[in-house]
Amino acid sequence: MEIITSHINADFDSLASMVAAKKLYPEADIVFAGSQEKKLRDFIEAFKPVEIKRIRDIDPADIKRLIIVDTKTPDRIGQFAEIISKPGMDIHIYDHHPLAKEDIHGSMEVIEEVGATATIFSEILKTRKLHPSPMEATILCLGIYEETGSLLFPSTTERDLLAVAYLIKRGANLNIVSSFLRLELSREELDILNELVQSSREMIIRGVRIKTAKASRESYLGDAAHLAHRIMDMEDIDALFVLLSMEGKILMVARSRVPELNVADVMKEFGGGGHPTAAAATIKEASLEMLDERLARIISENVKPDKVAADIMTSPVVSTDWDSTIKEIETIMTKYGVNVLPIIKNGKYFGLISREIIEKALFHGLGKSKAIDFCTTDAATVSPDTAIREIEIMMIEQNQRFMPVIEKEKITGAITRTDLLRTLYEEFLRRSRLEKSEAREKPSIGRNIALLLREKFPPLIYDLLKLAGEVADQAGINAYLVGGSVRDLLRGEQNLDIDIVVEGDGISFAKVLGERLHAKVRTHDRFGTAKIIADKLKLDVASARTEYYESPAALPTVETSSIKKDLYRRDFTINTLAVKLNIKDFGLLMDFFGGQRDLREKTLRVIHNLSFIEDPTRAFRAVRFSERFGFKLSKHTENLIKSTIKMNLFNRLSGTRLYEELLLAFNETEPVKTLRRLSELGLLKVIHPNLAFSSELESTLQSMFETRAWFNLLFLEESPDRGALYLMALLSGLNEAEIKDAIERLSAAPKVSELIIKGIAQSKDVLRRLPLNNPVDLYHLLSGISLEVLLFSMAVSRDKQKKKSISQYLIELRKIRPVLKGEDLKKMGVQPGPVYSILLEELLDEKLRGLVKGREDEERFIRGKLKGVGQ
């Protein structure tokens with residue numbers, strides 16, 4: 001015997017799932033494990049949609065397979081819990097609730113985190129083409145609509161909406177759905193709602209506002225979930241627990257808007273279950289008052305601690321010694337871009353000094369005075385476990401913008417007003433998102449993209465990131481996924497260049513992670529970086545760093561820092577996004593500088609105003625990214641590039657870095673558009689002052705683009721140097737001396753420099769001497785010339801016949817070789833000597849003319865030559 005069942009106090013999702021399961025298991029019987037909600041009983045009485053057997057008519061000994069839907073908790077399936085451990089029992093489970101330790105397990109489990117189990121069955125029926133009848137579609141719709149609050153609850157997913165669309169297409173009757181899920185309250189429900197509101201009491205536990213409400217009725221009320229939703233809509237609270245005593249049992253309904261309180265965990269203590277935001281339980285033979293007291297105690301135990309200082313502080317913190325001079329402190333503040341510095345004495349925290357104090361001291365000529373003479377020693381401090389609420393009050397009441405985090409008299413971190421505001425705003429957005437439908441665009445702050453990581457990354461990469469979070473937790477540090485992989489993930493593209501930054505010792509972290517992966521680890525102690533190499537993946541690991549520049553365009557000096565400072569040293573806002581990997585916050589998107597906004601607006605924006613002064617290469621990179629992604633430069637970014645050009649700072653930029661950036665641009669973008677944009681910004685003049693983007697140059701570059709495209713379509717194994725090709729095209733309008741100056745400015749490798757300089761001159765000679773309609777002369781002219789020069793010659797030539805001749809050489813002539821070799825000539829009686837070269841060269845010429853085809857023709861030709869010379 002096969003039995004399909006669901007949880008006690010069954011609802012429409014239970015019935016819908018059982019009806020759908022019956023289509024998958026046609027020999028199975030539907031049996032309720034216990035009571036049903038009143039409106040469900042009314043529906044069954046009115047429509048009798050399916051045959052339902054009574055549990056008392058079933059002999060448990062006859063059951064061979066148990067199909068459990070919309071639950072997997074043993075405490076919620078009534079008498080059927082007694083047979084789940086029966087030897088030989090085959091259990092199949094279909095559910096949408098989160099996994100729990102005490103869950104029932106079966107030989108088949110279909111568990112998906114969607115809004116309703118009915119959604120899962122709708123998808124299965126559609127895939128297997130077991131399409132539901134109009135009544136079955138209506139029941140499935142009822143299940144989805146009830147469980148998702150008519151698709152308005154935050155738990156609603158895209159899949160739920162698609163399932164409803166499918167069911168409507170199959171004939172679901174929404175009039176029936178609306179009549180059984182109507183929002184109007186009856187007189188009895190209004191009375192009980194009023195009683196619940198009047199009896200409610202509020203408690204605030206670790207910043208979470210919670211209300212409990214209770215009421216009693218002699219008769220069975222039925223569904224109380226919508227009453228809980230009504231109260232949540234009416235009250236400004238974070239969580240609600242409704243207790244309804246009726247017919248000798250108590251129905252408990254729980255709702256939560258905040259992650260600090262998982263109501264499913266609370267309901268498990270009473271034999272119930274559900275989701276973190278919505279759960280329920282039924283308790284028999286209990287006192288309402290005693291249950292209320294027990295509930296309050298369990299709630300208190302389950303409210304997670306609010307965020308503390310350690311969760312939001314910046315660490316490590318730049319500090320200075322007590323005997324540093326005021327002038328030295330000014331230099332440190334400027335170097336690291338900070339406005340407050342902690343003062344350290346004998347290794348312990350001593351006080352704070354601000355930029356305002358430093359500037360006033362310098363104004364008064366006190367640059368040689370010591371920090372200890374002017375620092376504030378009575379500023380408030382907090383410990384790593386101080387609650388955010390307390391820190392908020394302290395910083396506001398004491399007008400303190402920098403809060404040191406002290407542990408054992410040493411500074412371990414700091415919280416700025418920006419850190420605090422961001423945390424409070426994240427909290428505000430998170431609560432707003434829970435209160436409203438998630439169908440709208442998600443806010444950029446406080447967003448978790450764990451699901452996106454799982455969907456878009458291969459399982460191998462996703463598992464790696466999870467493992468990195470575990471290793472970071474074990475080491476007591478924070479780890480983040482950073483760089484292009486995060487940027488492109490949000491752009492909808494896959495980028496498997498994995499870069500991980502840790503707030504701590506990156507090399508030690510990489511070694512442990514490498515051991516767990518059984519991978520090789522290459523470390524670079526000087527930079528605090530490592531590369532992990534496994535069979536199917538590579539990733540880079542680095543310690544979070546900050547950097548400063550001793551002078552414009554110089555290479556940066558790098559020091560260990562926090563993730564925020566690490567991201568601040570990057571080039572553009574779209575490259576400052578990071579994803580936290582630690583288990584508790586896995587998938588949390590860190591966006592300190594508006595990177596998501598600029599991705600949405602397709603705008604490239606520098607992080608700070610000195611960005612191009614510190615590293616002028618970023619100007620070329622800005623154009624490369626804008627052309628690669630189809631983004632526009634922000635007006636401010638464009639103005640900063642032009643200002644950097646006016647300051648002549650590009651003259652200090654090393655040629656090697658400039659050359660590398662040009663090669664990247666040639667490889668990642670359409671060079672014609674990129675070089676035009678560089679010219680518009682005045683950046684081509686950095687390569688050579690006489691370099692201009694003329695119509696002639698544009699035509700040459702476009703022709704080079706088309707020539708490369710043509711060559712690529714030949715699918716040959718050769719790969720010409722793309723950078724050299726476009727540099728030849730770019731510099732072809734300059735004279736010989738100017739070309740040499742430009743190549744010297746770019747500091748290209750000697751081999752590349754020679755190829756470009758000689759190649760441009762050689763191309764002119766080739767095009768001047770190129771024979772037409774003479775394959776032999778064509779072959780001998782071009783056979784010693786590099787592939788790059790040949791393609792460049794094709795691109796710059798305006799003569800179609802000459803283009804055709806070069807293409808003929810590349811496609812046909814250069815592949816022609818005599819079949820006969822020296823050994824063959826020897827067998828034919830030719831004495832070894834210089835005559836071999838003469839004969840084979842003449843044979844090649846005949847083949848080029850098309851007069852000699854196969855081996856027989858070649859032997860005939862050689863014999864004729866030998867006969868002619870009398871050998």
# chains A, B, ... in the order shown; residues from 1 in each chain; ligands from 1

$ select_by_dssp --residues "region 281-349 of chain A" --states "helix (DSSP H, G or I)" --output "number ranges by chain"
A: 288-302, 309-312, 326-336

$ write_last_selection --atoms "N, CA, C and O atoms" --output "short mmCIF file (atom, residue, chain, number, x, y, z; two decimals), in the first residue's frame"
data_model
loop_
_atom_site.label_atom_id
_atom_site.label_comp_id
_atom_site.auth_asym_id
_atom_site.auth_seq_id
_atom_site.Cartn_x
_atom_site.Cartn_y
_atom_site.Cartn_z
N LEU A 288 -2.82 28.06 28.72
CA LEU A 288 -2.46 29.21 27.90
C LEU A 288 -1.46 30.10 28.62
O LEU A 288 -0.49 30.58 28.02
N GLU A 289 -1.67 30.31 29.95
CA GLU A 289 -0.78 31.19 30.71
C GLU A 289 0.62 30.59 30.85
O GLU A 289 1.64 31.27 30.68
N MET A 290 0.67 29.28 31.17
CA MET A 290 1.97 28.62 31.32
C MET A 290 2.72 28.57 29.99
O MET A 290 3.94 28.74 29.93
N LEU A 291 1.96 28.34 28.94
CA LEU A 291 2.58 28.29 27.61
C LEU A 291 3.13 29.66 27.22
O LEU A 291 4.20 29.76 26.63
N ASP A 292 2.41 30.71 27.60
CA ASP A 292 2.86 32.07 27.31
C ASP A 292 4.18 32.36 28.01
O ASP A 292 5.09 32.97 27.44
N GLU A 293 4.30 31.92 29.27
CA GLU A 293 5.54 32.13 30.02
C GLU A 293 6.70 31.35 29.40
O GLU A 293 7.82 31.86 29.26
N ARG A 294 6.42 30.09 29.03
CA ARG A 294 7.46 29.28 28.40
C ARG A 294 7.88 29.87 27.06
O ARG A 294 9.07 29.90 26.71
N LEU A 295 6.91 30.39 26.31
CA LEU A 295 7.20 31.01 25.02
C LEU A 295 8.14 32.19 25.18
O LEU A 295 9.10 32.35 24.42
N ALA A 296 7.87 33.04 26.18
CA ALA A 296 8.72 34.22 26.40
C ALA A 296 10.16 33.81 26.67
O ALA A 296 11.11 34.45 26.17
N ARG A 297 10.33 32.74 27.44
CA ARG A 297 11.68 32.26 27.77
C ARG A 297 12.40 31.73 26.53
O ARG A 297 13.56 32.03 26.28
N ILE A 298 11.67 30.97 25.71
CA ILE A 298 12.27 30.39 24.50
C ILE A 298 12.59 31.47 23.48
O ILE A 298 13.62 31.42 22.80
N ILE A 299 11.72 32.47 23.37
CA ILE A 299 12.00 33.59 22.46
C ILE A 299 13.29 34.26 22.85
O ILE A 299 14.16 34.55 22.01
N SER A 300 13.45 34.53 24.14
CA SER A 300 14.66 35.20 24.63
C SER A 300 15.91 34.41 24.29
O SER A 300 16.95 34.97 23.93
N GLU A 301 15.80 33.08 24.38
CA GLU A 301 16.96 32.22 24.08
C GLU A 301 17.28 32.19 22.58
O GLU A 301 18.42 31.92 22.20
N ASN A 302 16.28 32.48 21.75
CA ASN A 302 16.47 32.35 20.31
C ASN A 302 16.75 33.65 19.58
O ASN A 302 17.06 33.63 18.38
N ALA A 309 30.44 45.78 17.85
CA ALA A 309 31.52 46.58 17.28
C ALA A 309 32.41 45.77 16.35
O ALA A 309 32.81 46.23 15.28
N ALA A 310 32.72 44.52 16.74
CA ALA A 310 33.61 43.69 15.93
C ALA A 310 33.05 43.41 14.55
O ALA A 310 33.80 43.14 13.61
N ASP A 311 31.72 43.49 14.41
CA ASP A 311 31.08 43.19 13.12
C ASP A 311 31.26 44.31 12.11
O ASP A 311 31.20 44.06 10.90
N ILE A 312 31.44 45.53 12.56
CA ILE A 312 31.47 46.65 11.61
C ILE A 312 32.75 47.47 11.67
O ILE A 312 32.94 48.38 10.86
N ILE A 326 54.02 66.91 15.50
CA ILE A 326 52.81 67.35 14.79
C ILE A 326 53.02 67.31 13.29
O ILE A 326 52.14 66.90 12.53
N LYS A 327 54.20 67.72 12.83
CA LYS A 327 54.49 67.70 11.40
C LYS A 327 54.50 66.28 10.86
O LYS A 327 53.99 66.00 9.77
N GLU A 328 55.08 65.34 11.63
CA GLU A 328 55.11 63.94 11.21
C GLU A 328 53.68 63.37 11.12
O GLU A 328 53.37 62.61 10.21
N ILE A 329 52.84 63.75 12.05
CA ILE A 329 51.46 63.26 12.05
C ILE A 329 50.71 63.78 10.84
O ILE A 329 49.92 63.07 10.22
N GLU A 330 50.95 65.05 10.46
CA GLU A 330 50.31 65.60 9.26
C GLU A 330 50.69 64.77 8.03
O GLU A 330 49.84 64.45 7.19
N THR A 331 51.95 64.38 7.94
CA THR A 331 52.41 63.57 6.81
C THR A 331 51.71 62.21 6.79
O THR A 331 51.28 61.73 5.73
N ILE A 332 51.58 61.60 7.96
CA ILE A 332 50.93 60.28 8.06
C ILE A 332 49.46 60.40 7.64
O ILE A 332 48.95 59.56 6.88
N MET A 333 48.77 61.43 8.11
CA MET A 333 47.36 61.62 7.76
C MET A 333 47.18 61.79 6.26
O MET A 333 46.25 61.23 5.65
N THR A 334 48.06 62.57 5.65
CA THR A 334 47.97 62.80 4.22
C THR A 334 48.29 61.53 3.45
O THR A 334 47.62 61.18 2.46
N LYS A 335 49.30 60.81 3.90
CA LYS A 335 49.74 59.60 3.22
C LYS A 335 48.64 58.55 3.21
O LYS A 335 48.39 57.89 2.19
N TYR A 336 47.93 58.39 4.33
CA TYR A 336 46.93 57.34 4.45
C TYR A 336 45.50 57.84 4.26
O TYR A 336 44.56 57.05 4.29
#

$ select_by_dssp --residues "region 566-791 of chain A" --states "strand (DSSP E)" --output "CSV table (one decimal) with all heavy atoms, in the first residue's frame"
chain,number,residue,atom,x,y,z
A,578,ALA,N,32.9,43.8,-3.3
A,578,ALA,CA,33.4,42.6,-2.6
A,578,ALA,C,32.3,41.8,-2.1
A,578,ALA,O,31.2,42.3,-1.7
A,578,ALA,CB,34.4,43.0,-1.5
A,579,VAL,N,32.5,40.5,-2.0
A,579,VAL,CA,31.5,39.6,-1.4
A,579,VAL,C,32.1,38.8,-0.2
A,579,VAL,O,33.1,38.2,-0.3
A,579,VAL,CB,31.0,38.5,-2.4
A,579,VAL,CG1,30.0,37.6,-1.8
A,579,VAL,CG2,30.3,39.2,-3.6
A,580,LYS,N,31.5,39.0,1.0
A,580,LYS,CA,32.0,38.3,2.1
A,580,LYS,C,31.8,36.8,2.1
A,580,LYS,O,30.7,36.3,1.6
A,580,LYS,CB,31.3,38.9,3.4
A,580,LYS,CG,32.1,38.6,4.7
A,580,LYS,CD,31.6,39.4,5.9
A,580,LYS,CE,32.4,39.1,7.1
A,580,LYS,NZ,31.9,39.9,8.3
A,589,LEU,N,27.1,41.3,0.0
A,589,LEU,CA,27.8,42.2,-0.9
A,589,LEU,C,28.3,43.5,-0.2
A,589,LEU,O,27.5,44.2,0.4
A,589,LEU,CB,26.8,42.6,-2.1
A,589,LEU,CG,27.4,43.4,-3.2
A,589,LEU,CD1,28.5,42.6,-3.9
A,589,LEU,CD2,26.4,43.7,-4.2
A,590,MET,N,29.5,43.8,-0.3
A,590,MET,CA,30.1,45.0,0.3
A,590,MET,C,30.3,46.0,-0.9
A,590,MET,O,31.0,45.8,-1.8
A,590,MET,CB,31.5,44.7,0.9
A,590,MET,CG,31.5,43.4,1.7
A,590,MET,SD,30.5,43.5,3.2
A,590,MET,CE,31.4,44.7,4.2
A,603,THR,N,28.2,53.5,-16.0
A,603,THR,CA,29.1,54.7,-15.9
A,603,THR,C,30.4,54.3,-15.2
A,603,THR,O,30.5,53.5,-14.3
A,603,THR,CB,28.4,55.8,-15.0
A,603,THR,OG1,27.2,56.2,-15.6
A,603,THR,CG2,29.4,57.0,-14.8
A,604,LEU,N,31.5,54.8,-15.8
A,604,LEU,CA,32.8,54.5,-15.2
A,604,LEU,C,33.3,55.8,-14.4
A,604,LEU,O,33.3,56.9,-15.0
A,604,LEU,CB,33.8,54.2,-16.3
A,604,LEU,CG,35.0,53.4,-15.9
A,604,LEU,CD1,34.6,52.0,-15.7
A,604,LEU,CD2,36.1,53.4,-17.0
A,632,LYS,N,29.9,54.7,-20.2
A,632,LYS,CA,30.4,56.1,-20.5
A,632,LYS,C,31.2,56.6,-19.3
A,632,LYS,O,31.1,56.1,-18.2
A,632,LYS,CB,29.2,57.1,-20.6
A,632,LYS,CG,28.3,57.2,-19.3
A,632,LYS,CD,27.1,58.1,-19.6
A,632,LYS,CE,26.3,58.3,-18.3
A,632,LYS,NZ,25.6,57.1,-17.9
A,633,LEU,N,32.2,57.5,-19.6
A,633,LEU,CA,33.0,58.1,-18.5
A,633,LEU,C,32.1,59.1,-17.9
A,633,LEU,O,31.5,59.9,-18.6
A,633,LEU,CB,34.2,58.7,-19.1
A,633,LEU,CG,35.3,57.8,-19.7
A,633,LEU,CD1,36.5,58.6,-20.2
A,633,LEU,CD2,35.7,56.7,-18.8

$ residues_around --residues "Lys456 (chain A)" --least-positions-apart "6" --cutoff "12 Å" --atoms "only C-alpha atoms" --output "PyMOL selection string"
chain A and resi 449-450+462+485-486+488-496

$ closest_residue --among "A:Asp598, A:Glu136, A:Glu706, A:Glu614" --to "Leu791 (chain A)" --atoms "only C-alpha atoms"
A:Glu706

$ residues_around --residues "Lys538 (chain A)" --least-positions-apart "6" --cutoff "10 Å" --atoms "only C-alpha atoms" --output "JSON list (two decimals) with all heavy atoms, in the first residue's frame"
[["chain", "number", "residue", "atom", "x", "y", "z"],
["A", 461, "ILE", "N", 33.68, 26.08, -8.23],
["A", 461, "ILE", "CA", 34.04, 27.41, -7.74],
["A", 461, "ILE", "C", 33.19, 27.77, -6.52],
["A", 461, "ILE", "O", 33.70, 28.31, -5.52],
["A", 461, "ILE", "CB", 33.85, 28.47, -8.85],
["A", 461, "ILE", "CG1", 34.78, 28.16, -10.04],
["A", 461, "ILE", "CG2", 34.13, 29.86, -8.30],
["A", 461, "ILE", "CD1", 36.24, 28.23, -9.72],
["A", 496, "LEU", "N", 35.80, 33.76, -14.24],
["A", 496, "LEU", "CA", 36.31, 32.77, -13.29],
["A", 496, "LEU", "C", 37.71, 33.10, -12.80],
["A", 496, "LEU", "O", 38.42, 32.23, -12.28],
["A", 496, "LEU", "CB", 36.28, 31.38, -13.92],
["A", 496, "LEU", "CG", 34.88, 30.89, -14.35],
["A", 496, "LEU", "CD1", 34.95, 29.47, -14.89],
["A", 496, "LEU", "CD2", 33.89, 30.98, -13.21],
["A", 497, "ASP", "N", 38.11, 34.37, -12.94],
["A", 497, "ASP", "CA", 39.37, 34.83, -12.33],
["A", 497, "ASP", "C", 39.07, 35.11, -10.86],
["A", 497, "ASP", "O", 38.57, 36.18, -10.51],
["A", 497, "ASP", "CB", 39.90, 36.08, -13.02],
["A", 497, "ASP", "CG", 40.40, 35.79, -14.43],
["A", 497, "ASP", "OD1", 40.80, 34.63, -14.66],
["A", 497, "ASP", "OD2", 40.40, 36.70, -15.27],
["A", 498, "ILE", "N", 39.36, 34.15, -10.01],
["A", 498, "ILE", "CA", 38.97, 34.25, -8.60],
["A", 498, "ILE", "C", 40.08, 34.92, -7.79],
["A", 498, "ILE", "O", 41.21, 34.44, -7.74],
["A", 498, "ILE", "CB", 38.66, 32.85, -8.03],
["A", 498, "ILE", "CG1", 37.57, 32.18, -8.86],
["A", 498, "ILE", "CG2", 38.26, 32.94, -6.56],
["A", 498, "ILE", "CD1", 36.26, 32.93, -8.90],
["A", 499, "ASP", "N", 39.72, 36.04, -7.15],
["A", 499, "ASP", "CA", 40.64, 36.77, -6.28],
["A", 499, "ASP", "C", 40.01, 36.86, -4.90],
["A", 499, "ASP", "O", 38.88, 37.33, -4.75],
["A", 499, "ASP", "CB", 40.90, 38.18, -6.81],
["A", 499, "ASP", "CG", 41.64, 38.16, -8.14],
["A", 499, "ASP", "OD1", 42.79, 37.71, -8.15],
["A", 499, "ASP", "OD2", 41.07, 38.60, -9.15],
["A", 519, "ALA", "N", 46.17, 21.30, -3.11],
["A", 519, "ALA", "CA", 46.66, 22.09, -4.25],
["A", 519, "ALA", "C", 48.04, 22.67, -3.94],
["A", 519, "ALA", "O", 48.47, 22.74, -2.78],
["A", 519, "ALA", "CB", 45.68, 23.21, -4.56],
["A", 520, "LYS", "N", 48.73, 23.09, -4.99],
["A", 520, "LYS", "CA", 50.02, 23.76, -4.84],
["A", 520, "LYS", "C", 49.79, 25.23, -4.45],
["A", 520, "LYS", "O", 48.84, 25.85, -4.91],
["A", 520, "LYS", "CB", 50.81, 23.71, -6.15],
["A", 520, "LYS", "CG", 51.20, 22.30, -6.58],
["A", 520, "LYS", "CD", 51.97, 22.35, -7.90],
["A", 520, "LYS", "CE", 52.34, 20.94, -8.37],
["A", 520, "LYS", "NZ", 53.06, 20.98, -9.68],
["A", 521, "VAL", "N", 50.68, 25.76, -3.63],
["A", 521, "VAL", "CA", 50.59, 27.15, -3.21],
["A", 521, "VAL", "C", 51.92, 27.84, -3.47],
["A", 521, "VAL", "O", 52.96, 27.41, -2.97],
["A", 521, "VAL", "CB", 50.23, 27.26, -1.71],
["A", 521, "VAL", "CG1", 50.15, 28.73, -1.29],
["A", 521, "VAL", "CG2", 48.91, 26.56, -1.41],
["A", 531, "LYS", "N", 49.34, 32.31, -4.78],
["A", 531, "LYS", "CA", 48.55, 31.72, -5.87],
["A", 531, "LYS", "C", 48.34, 30.25, -5.54],
["A", 531, "LYS", "O", 49.28, 29.53, -5.24],
["A", 531, "LYS", "CB", 49.24, 31.89, -7.21],
["A", 531, "LYS", "CG", 48.42, 31.36, -8.40],
["A", 531, "LYS", "CD", 49.14, 31.56, -9.71],
["A", 531, "LYS", "CE", 49.17, 33.02, -10.13],
["A", 531, "LYS", "NZ", 47.83, 33.54, -10.51],
["A", 532, "ILE", "N", 47.07, 29.83, -5.57],
["A", 532, "ILE", "CA", 46.72, 28.43, -5.32],
["A", 532, "ILE", "C", 46.39, 27.78, -6.65],
["A", 532, "ILE", "O", 45.55, 28.28, -7.41],
["A", 532, "ILE", "CB", 45.52, 28.33, -4.36],
["A", 532, "ILE", "CG1", 45.87, 28.99, -3.01],
["A", 532, "ILE", "CG2", 45.12, 26.88, -4.15],
["A", 532, "ILE", "CD1", 44.72, 29.01, -2.03]]
